[in-house]
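Everything on this sheet refers to the single structure shown next.
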Amino acid sequence: MLTLNSATDDDLAPKPAPEDIASYLTKLNDAQREAVEYGTQASNAGTPAGALLVIAGAGSGKTNTLAHRVAHLLVKGADPHRILLLTFSRRAASEMTRRVTRIAVNALGNRSVIAQGLTWSGTFHSVGARLLRDYADLVGLSPSFTINDREDSTDLMNLVRHELGLSTKEKRFPAKSTCFAIYSRVVNTGGSLAVVLDQAFPWCREWEDDLRRLFAAYVNAKQQQSVLDYDDLLLYWSHLAAEPSIAADLSARFDHVLVDEYQDTNKLQASILLSMKPDGRGLTVVGDDAQSIYSFRGATVRNILDFPGHFNPPAKCVTLERNYRSTQPILAASNAVIGLAAERYTKNLWTDKASAQRPRLVSVADEAEQARYIVEQVLEAREGGMTLKQQAVLFRAAHHSAALEIELTRRNIPFVKFGGLKFLDSVHVKDVLAVLRWGENPRDRVAGFRVMQLLPGVGPAIAGRVLDQVAERGGTPAELAAGLAAFAAPLRASEDWPALVALMSKVCSRESGWPAEFEMIRRWYEPHLERNHEDASIRHGDVLQMESIASTYPTRERFLTELTLDPPDATSDESGVPLIDEDYLILSTIHSAKGQEWKNVFVMNGVDGCIPSDMGTGSDEEIDEERRLLYVAMTRAKEDLHIVTPQRFYVHNQTHMGDRHVWAARTRFIPAHLMPQFEACAWPPVPEPAAPTAAGLAAAAKARVDIAARLKKMWE
């Protein structure tokens, strides 16, 4: 088990008297204030202090602490243009910037300087895209490169797969999505293809040589088309940072680098940070090893566990243990569960929110009874004044909620299941974006294929010939419109062809300006939307919403980059938000629930095989991550927590034994010696037997006497 590093000079310094604390710091607790003020009290204020690791327990005010640290640096004279703030979503970056601005304005009174100056706040991928445009010439990139989202990257992988003849193998070659998943895992984990196949895709081992050939061709296709995928944004950035002279220049651009949710970083992201700040000066990372649950995305808990030892002296560690979310019984049970982890930072969450209600460990007969229990408890809480939105049902895998969804529908209870479709997952939104992306980069064949096939009578063959003709003319924006105009349009598309030529001519020349050109594209697309989709009116709302979002971006390139890297939720009914009621129950996987909180939380299927998943017990590391998943689920609850354990499951399509019931055991993460932390109960409760009446007892006594006499007579 890890222990925090020993006291430093800052620890031994005298504590400031309350009257010496700045007003904007008074609401912070002692540990939060220690993290916020670290390194700002030195005599040489112009030299950033060594590395800082803030271990922020669940509900301990992590975001508030990080925002106050950034604001405090500004108050102490840091240049906002030279602060790099890295998060894992655009919304988190926006929220952080908003909080920093509010705090700093209260202290300094100058909103404009702060708001305009804190410009390097964003996700790893968005910051990587900005830096790559600055250094594009040094890595052989065109500054006008476009970025493929996951679906487009998978489509490009499939095109290359087909061109290499791998889709016509006698034995079925891995699907395009599997191929891309393998490629992405190799890039993000830094492992070899052989190791990744052995550990995560053993059924694909026989294709190692073909996959290596496919990935090389995929990289070549991206370079020829001047496109990058998500993984490239980190991969190229890491190669930039690995070059000493470039790394020195990158480091010199930022006095302070602050990273949120550090437990979710992968090896590439850690290598970037360590290359930019090898001595740790000015580097602050915030996270919680107990909430590291994204290894399937390439994240590794080793980054946060090993962070202090990368520097000499080791990074300063501050632990935030006071919880502002949950009651003490919930925290006591959560601490006990995570306390059995093999390796972790020592911390024990506490709160002053007392409660007599321990978390319930509820035993039910089967999945149907589990669904009925949850529905009954949700409705009972609602009758007590708690809205549906203040309650959530969490599960390890999306299919675990099937029986519950049926019961909720039967009982007419509205619900949302996270997550829904994103903008870029919607066909109609991808269509509009493809027009913009093709105009931005005419060599982007995936975007071109999509735009061409919107026209009636244009299929893959004709679209391919058009793109080949554009490429032969040079592949520049000017040649795109000229190539379209020179192409002999097929008969069915002849009526729509002139409008496409005129549109792409204006988009390529930027004649209309931004964001007016988005409205122009939307108007061109509307008849195609009507022709191709029966629910065009609903989809049209998404396009209008995206047009509104586009108007908030200064340039087309910035809009395409940000929207591709971190798309907002869709607005249509396909996103899962019910249109029938303003209140609805939350259903969510545990992974999607991280960072959220609700008053009343139900954790489904608290049994071995579900938590931990039967697919997540192959190694000690996997089992520890499954334990952290349960911990994350438990710490989402503010007032009431229910862990439901069905005693049996009905399994289907068993090859040898057919459909049958199987018995389940309580999750191994709540062993017998932790049971005092929970209130164990069964549902439905067994009714108490009726008490006998006085008359009944008297009659029974008489009957006993009579029977005894009869027994004696039998032997006379």
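Following the order of the structure tokens, chains are lettered A, B, ..., residues in each are numbered from 1, and ligands are numbered from 1.
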**OP:** Could you please write out, as a PyMOL selection string, every residue of stretch 13-180 of chain A that DSSP assigns to strand (DSSP E)?
**Re:** chain A and resi 52-56+83-87+121-123+146-147
Atoms to include: N, CA and C atoms. Write the selected residues as a PDB file, in the first residue's frame.
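Printed below is part03.pdb as written:
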ATOM      1  N   LEU A  52       3.267  18.877  -8.032  1.00  0.00           N
ATOM      2  CA  LEU A  52       2.250  18.723  -6.988  1.00  0.00           C
ATOM      3  C   LEU A  52       1.248  17.669  -7.425  1.00  0.00           C
ATOM      4  N   LEU A  53       0.984  16.694  -6.551  1.00  0.00           N
ATOM      5  CA  LEU A  53      -0.051  15.692  -6.775  1.00  0.00           C
ATOM      6  C   LEU A  53      -1.146  15.880  -5.723  1.00  0.00           C
ATOM      7  N   VAL A  54      -2.366  16.131  -6.177  1.00  0.00           N
ATOM      8  CA  VAL A  54      -3.507  16.270  -5.274  1.00  0.00           C
ATOM      9  C   VAL A  54      -4.365  15.017  -5.407  1.00  0.00           C
ATOM     10  N   ILE A  55      -4.379  14.198  -4.361  1.00  0.00           N
ATOM     11  CA  ILE A  55      -5.234  13.015  -4.331  1.00  0.00           C
ATOM     12  C   ILE A  55      -6.585  13.455  -3.797  1.00  0.00           C
ATOM     13  N   ALA A  56      -7.560  13.539  -4.696  1.00  0.00           N
ATOM     14  CA  ALA A  56      -8.870  14.103  -4.359  1.00  0.00           C
ATOM     15  C   ALA A  56      -9.898  12.992  -4.277  1.00  0.00           C
ATOM     16  N   ILE A  83      -0.584  29.665 -18.828  1.00  0.00           N
ATOM     17  CA  ILE A  83      -1.140  28.583 -18.011  1.00  0.00           C
ATOM     18  C   ILE A  83      -1.846  27.602 -18.940  1.00  0.00           C
ATOM     19  N   LEU A  84      -1.466  26.331 -18.856  1.00  0.00           N
ATOM     20  CA  LEU A  84      -2.092  25.271 -19.644  1.00  0.00           C
ATOM     21  C   LEU A  84      -2.929  24.413 -18.700  1.00  0.00           C
ATOM     22  N   LEU A  85      -4.242  24.364 -18.942  1.00  0.00           N
ATOM     23  CA  LEU A  85      -5.170  23.602 -18.113  1.00  0.00           C
ATOM     24  C   LEU A  85      -5.780  22.492 -18.956  1.00  0.00           C
ATOM     25  N   LEU A  86      -5.490  21.244 -18.608  1.00  0.00           N
ATOM     26  CA  LEU A  86      -5.919  20.090 -19.400  1.00  0.00           C
ATOM     27  C   LEU A  86      -7.011  19.320 -18.675  1.00  0.00           C
ATOM     28  N   THR A  87      -8.119  19.061 -19.368  1.00  0.00           N
ATOM     29  CA  THR A  87      -9.250  18.321 -18.821  1.00  0.00           C
ATOM     30  C   THR A  87      -9.612  17.192 -19.781  1.00  0.00           C
ATOM     31  N   SER A 121      -7.018  26.402 -22.217  1.00  0.00           N
ATOM     32  CA  SER A 121      -7.820  25.535 -21.358  1.00  0.00           C
ATOM     33  C   SER A 121      -8.651  24.634 -22.258  1.00  0.00           C
ATOM     34  N   GLY A 122      -8.452  23.321 -22.162  1.00  0.00           N
ATOM     35  CA  GLY A 122      -9.181  22.420 -23.045  1.00  0.00           C
ATOM     36  C   GLY A 122      -8.817  20.971 -22.801  1.00  0.00           C
ATOM     37  N   THR A 123      -9.332  20.102 -23.645  1.00  0.00           N
ATOM     38  CA  THR A 123      -9.030  18.680 -23.539  1.00  0.00           C
ATOM     39  C   THR A 123      -7.632  18.408 -24.087  1.00  0.00           C
ATOM     40  N   THR A 146      -7.364  17.796 -41.509  1.00  0.00           N
ATOM     41  CA  THR A 146      -8.668  17.600 -40.874  1.00  0.00           C
ATOM     42  C   THR A 146      -8.585  16.395 -39.936  1.00  0.00           C
ATOM     43  N   ILE A 147      -9.593  16.291 -39.061  1.00  0.00           N
ATOM     44  CA  ILE A 147      -9.576  15.268 -38.023  1.00  0.00           C
ATOM     45  C   ILE A 147     -10.777  14.351 -38.211  1.00  0.00           C
TER      46      ILE A 147
END
**Report entry** Spatial neighbours of A:Ala536, max dist 12 Å, only C-alpha atoms, sep filter under 3 positions, as a ChimeraX atom specification
**Finding:** /A:427-429,525-533,539-543,572
Please, which residues in stretch 322-419 of chain A fall within 9 Å of stretch 587-601 of chain A when counting only C-alpha atoms, and what is the closest atom pair and distance in Å to one decimal for each, ordered by chain then residue number, as a Markdown table?
| residue | atom | partner | partner_atom | distance |
| --- | --- | --- | --- | --- |
| A:Arg325 | CA | A:Glu597 | CA | 7.8 |
| A:Ser326 | CA | A:Lys599 | CA | 8.6 |
| A:Val378 | CA | A:Asn600 | CA | 8.3 |
| A:Ala381 | CA | A:Asn600 | CA | 8.3 |
| A:Met386 | CA | A:Lys599 | CA | 8.2 |
| A:Lys389 | CA | A:Trp598 | CA | 8.0 |
| A:Gln390 | CA | A:Trp598 | CA | 5.1 |
| A:Gln391 | CA | A:Asn600 | CA | 4.7 |
| A:Ala392 | CA | A:Val601 | CA | 5.0 |
| A:Val393 | CA | A:Leu587 | CA | 4.9 |
| A:Leu394 | CA | A:Ser588 | CA | 5.1 |
| A:Phe395 | CA | A:Thr589 | CA | 4.9 |
| A:Arg396 | CA | A:Thr589 | CA | 5.7 |
| A:Ala397 | CA | A:Thr589 | CA | 6.0 |
| A:Ala398 | CA | A:Thr589 | CA | 6.0 |
| A:Ser401 | CA | A:Leu587 | CA | 8.0 |
| A:Glu405 | CA | A:Leu587 | CA | 9.0 |
| A:Phe415 | CA | A:Leu587 | CA | 6.9 |
| A:Val416 | CA | A:Leu587 | CA | 5.9 |
| A:Lys417 | CA | A:Leu587 | CA | 4.5 |
| A:Phe418 | CA | A:Ser588 | CA | 4.9 |
| A:Gly419 | CA | A:Ser592 | CA | 7.0 |
Backbone DSSP call of alpha helix (DSSP H) for stretch 107-225 of chain A, listed as a PyMOL selection string: chain A and resi 107-108+111-117+124-134+150-163+176-189+193-200+208-225
Write the residues you've just listed into a file as a short mmCIF file (atom, residue, chain, number, x, y, z; two decimals), in the first residue's frame, and include C-alpha atoms for each of them.
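Listed below is the output, part-v6.cif:
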data_model
loop_
_atom_site.label_atom_id
_atom_site.label_comp_id
_atom_site.auth_asym_id
_atom_site.auth_seq_id
_atom_site.Cartn_x
_atom_site.Cartn_y
_atom_site.Cartn_z
CA ALA A 107 -9.93 39.11 -5.95
CA LEU A 108 -8.58 41.34 -8.74
CA ARG A 111 -12.66 40.25 -15.72
CA SER A 112 -11.55 40.99 -19.31
CA VAL A 113 -7.85 40.30 -18.78
CA ILE A 114 -8.56 36.98 -17.08
CA ALA A 115 -11.29 35.76 -19.41
CA GLN A 116 -9.34 36.61 -22.57
CA GLY A 117 -6.01 35.49 -21.21
CA PHE A 124 -5.79 16.85 -24.28
CA HIS A 125 -7.00 16.26 -27.83
CA SER A 126 -8.10 19.83 -28.55
CA VAL A 127 -4.87 21.31 -27.15
CA GLY A 128 -2.92 18.72 -29.12
CA ALA A 129 -4.70 19.77 -32.32
CA ARG A 130 -3.85 23.45 -31.69
CA LEU A 131 -0.20 22.73 -30.98
CA LEU A 132 0.12 20.47 -34.03
CA ARG A 133 -1.08 23.28 -36.28
CA ASP A 134 1.63 25.49 -34.77
CA ARG A 150 -14.10 7.46 -34.56
CA GLU A 151 -16.68 6.40 -37.12
CA ASP A 152 -14.87 8.04 -40.04
CA SER A 153 -11.57 6.54 -38.90
CA THR A 154 -13.20 3.11 -38.81
CA ASP A 155 -14.60 3.68 -42.31
CA LEU A 156 -11.16 4.62 -43.61
CA MET A 157 -9.70 1.52 -41.96
CA ASN A 158 -12.37 -0.50 -43.77
CA LEU A 159 -11.53 1.08 -47.14
CA VAL A 160 -7.88 0.13 -46.71
CA ARG A 161 -8.88 -3.31 -45.46
CA HIS A 162 -10.88 -3.85 -48.65
CA GLU A 163 -8.13 -2.51 -50.93
CA LYS A 176 -13.41 -3.00 -39.24
CA SER A 177 -14.38 -1.92 -35.72
CA THR A 178 -12.22 -4.66 -34.19
CA CYS A 179 -9.28 -3.72 -36.42
CA PHE A 180 -9.52 -0.09 -35.36
CA ALA A 181 -9.90 -1.03 -31.68
CA ILE A 182 -6.68 -3.07 -31.88
CA TYR A 183 -4.86 -0.24 -33.64
CA SER A 184 -6.05 2.34 -31.10
CA ARG A 185 -5.08 0.18 -28.13
CA VAL A 186 -1.55 -0.31 -29.49
CA VAL A 187 -1.14 3.46 -29.92
CA ASN A 188 -2.57 4.46 -26.54
CA THR A 189 -0.93 1.81 -24.38
CA LEU A 193 0.88 -5.49 -31.43
CA ALA A 194 1.73 -9.00 -30.22
CA VAL A 195 1.20 -8.07 -26.56
CA VAL A 196 -2.09 -6.27 -27.25
CA LEU A 197 -3.39 -9.25 -29.20
CA ASP A 198 -2.40 -11.66 -26.43
CA GLN A 199 -3.94 -9.58 -23.65
CA ALA A 200 -7.06 -8.09 -25.20
CA GLU A 208 -0.95 -10.52 -36.58
CA ASP A 209 1.02 -10.22 -39.83
CA ASP A 210 -2.02 -9.08 -41.84
CA LEU A 211 -3.01 -6.59 -39.15
CA ARG A 212 0.50 -5.13 -39.16
CA ARG A 213 0.24 -4.71 -42.94
CA LEU A 214 -3.24 -3.17 -42.60
CA PHE A 215 -2.13 -0.64 -39.98
CA ALA A 216 0.84 0.45 -42.06
CA ALA A 217 -1.44 1.01 -45.06
CA TYR A 218 -3.94 2.87 -42.87
CA VAL A 219 -1.23 5.25 -41.64
CA ASN A 220 -0.13 5.80 -45.25
CA ALA A 221 -3.71 6.55 -46.34
CA LYS A 222 -4.10 9.15 -43.59
CA GLN A 223 -0.87 10.85 -44.58
CA GLN A 224 -1.85 10.95 -48.25
CA GLN A 225 -5.23 12.47 -47.40
#
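Going from atom CA of A:Ala332 to atom CA of A:Glu380 covers 25.6 Å.
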Judged by only C-alpha atoms, the minimum distance to A:Val466 among A:Pro308, A:Gly616, A:Pro490, A:Pro671 is found for A:Pro490
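With only C-alpha atoms as the atoms that count, the minimum distance from A:Ala447 to the choices A:Asn148, A:Asn335, A:Asn312, A:Ser271 is reached by A:Asn148.
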